Amino acid sequence: MATHDPMHQFQISPILQWMPGGIDLSFTNSSLWMVIGAICSLILLGVASSRKSLVPGRIQLVGEEIYGFVENLITDNIGQKGKEYFPLIFTLFMVVIVGNMLGMVPYSFTYTSHLAVTAALALLVFFIVLIVGIIRHGAHFFHLFVPPGVPGWLLWLVVLIELVSFISRPVTLSVRLFANMVAGHVLMKVIAGFAIMFASMGGLAWAGSLLPVAFNIVMIGFEFFIAFIQAYVFAVLACIYLKDTIEIDH
Amino acid sequence: MSITRTISAFLLSAFLPLHSAFAEMAPVVVDEVHQEEEIPSVAHNVVEGAVEATAHHGGGGLPQFDPSSWPSQIFWMTVVFIVLYTIFSKAILPAIGGTLASRQQHIDDHIADAERLSKEAEIVEAELTAALKDAGQKASEELRSAENDAKSKMDGALNSYRERYERDISSAEGRIEDAKNQAMQDMNKIAAELASQMAEKLAGISADASQAETVVQSLSNKVRKAA
């Protein structure tokens, strides 16, 4: 009865074994859902972008709304100069939101519930900020860690704090997303488990399953909200971090 | 492996409030189930699985912290990301952006057209108002001049008529005066003749006509002086 283990939904199982050079790069259920997500988003946006009508239809409007949403995100958080990061933020947002949303499909696999994936995305942002920042601003980039107007005797502590907060960015960015996905999915699975438990007791005990079912209905709605909010938060934070490559506040 | 377990335990305790809330919840459920005496295997597994996952990370802990799957996940995420990034940045985003830009262009063009047309309409309206005003002014001027003409013509006619009738009146008065004078003179002559004839007939005195005339003349002058 391993399927009722709430952690089982996060189990990665290979579909096609592939170990080039001894490294396990197997095509797994996680990879499958990444590909499904990519295909879904490509079909949706491909169809949406192929419609070029002056008055948009439904699918075209969906594509244009996502485009406008991410565009506003960038202009609000980075500014007009942030346009160069538009494809990056757009891809990040799409990858995360599609992963989160596909995770709500029963029997699917939530690839954004794995730290390796979220950390890869977070580190991508982190290293882009670091490398582009240093290339653009040179040594001035490290002024990021030295806020102005701090008395000399306190400077070492402030620099230390700034440094730690800078380095912890990818950690918080990746853990926030993965932890939210894990927590939500585990909770839904556990509540569903309660319903099954009551239902399989026999007799009048089945009535006891109504409460967890009702709760889970609310939870599912809430999880869709979380799926969107976390993708939004991921994209917003990526924007805020990438802003350091455009201009350094101090 | 012990390092990953430590990390996972730390991360779970730090970042999974819901998860730990569940850990507190699980034992309560275990108690309930025990009271029922009959433990269905499904329920048992749910609870046990949850407890294991939260408390012991049984069977190798969370799959998330099993590093053996990391290379595969990161590799496939990278592949998918690069494919999506390429297609988004090369095809889809320019297409949507182009559609949005052309729509904006279309709207802007129409607004510009509308503004141009309304400006033209304003100019035409101004021209019309000016023409109307002009025409009104011209009309009132013409009206006034016609009025003045008519008035002056009427005045001229009136004046000439007045002159003429004044002249007529004065000439008529002159003629009346002349006639009156003539009549007076004739009356004096008639009176002198009458007097001389009366004197001749009554007294047999033949009086000179001219002498009688002077007498009448002096008498009438006396009367005129008394009047």
# chains A, B, ... in the order shown; residues from 1 in each chain; ligands from 1

$ interface_residues --of "chain A" --to "chain B" --cutoff "6 Å" --atoms "only C-alpha atoms" --output "ChimeraX atom specification"
/A:4-5,11,24-26,31,49,52,54,87,91,114-117,183,193,197

$ atom_distance --atom1 "atom CA of A:Glu162" --atom2 "atom CA of A:Leu130"
14.3 Å

$ select_by_dssp --residues "stretch 21-222 of chain B" --states "alpha helix (DSSP H)" --output "ChimeraX atom specification"
/B:21-35,41-51,70-87,93-203,209-222

$ select_by_dssp --residues "chain A" --states "strand (DSSP E or B)" --output "PyMOL selection string"
chain A and resi 14-16+27-28

$ write_last_selection --atoms "N, CA and C atoms" --output "tab-separated table (two decimals), in the first residue's frame"
chain	number	residue	atom	x	y	z
A	14	PRO	N	12.53	6.08	-12.85
A	14	PRO	CA	12.98	6.19	-14.23
A	14	PRO	C	12.02	5.52	-15.22
A	15	ILE	N	11.87	6.16	-16.35
A	15	ILE	CA	11.08	5.56	-17.43
A	15	ILE	C	12.04	4.95	-18.46
A	16	LEU	N	13.06	5.73	-18.81
A	16	LEU	CA	14.10	5.22	-19.71
A	16	LEU	C	15.45	5.41	-19.03
A	27	PHE	N	15.52	9.37	-18.18
A	27	PHE	CA	14.26	10.07	-18.41
A	27	PHE	C	13.26	9.52	-17.39
A	28	THR	N	12.89	10.37	-16.42
A	28	THR	CA	12.07	9.90	-15.31
A	28	THR	C	10.65	10.44	-15.43
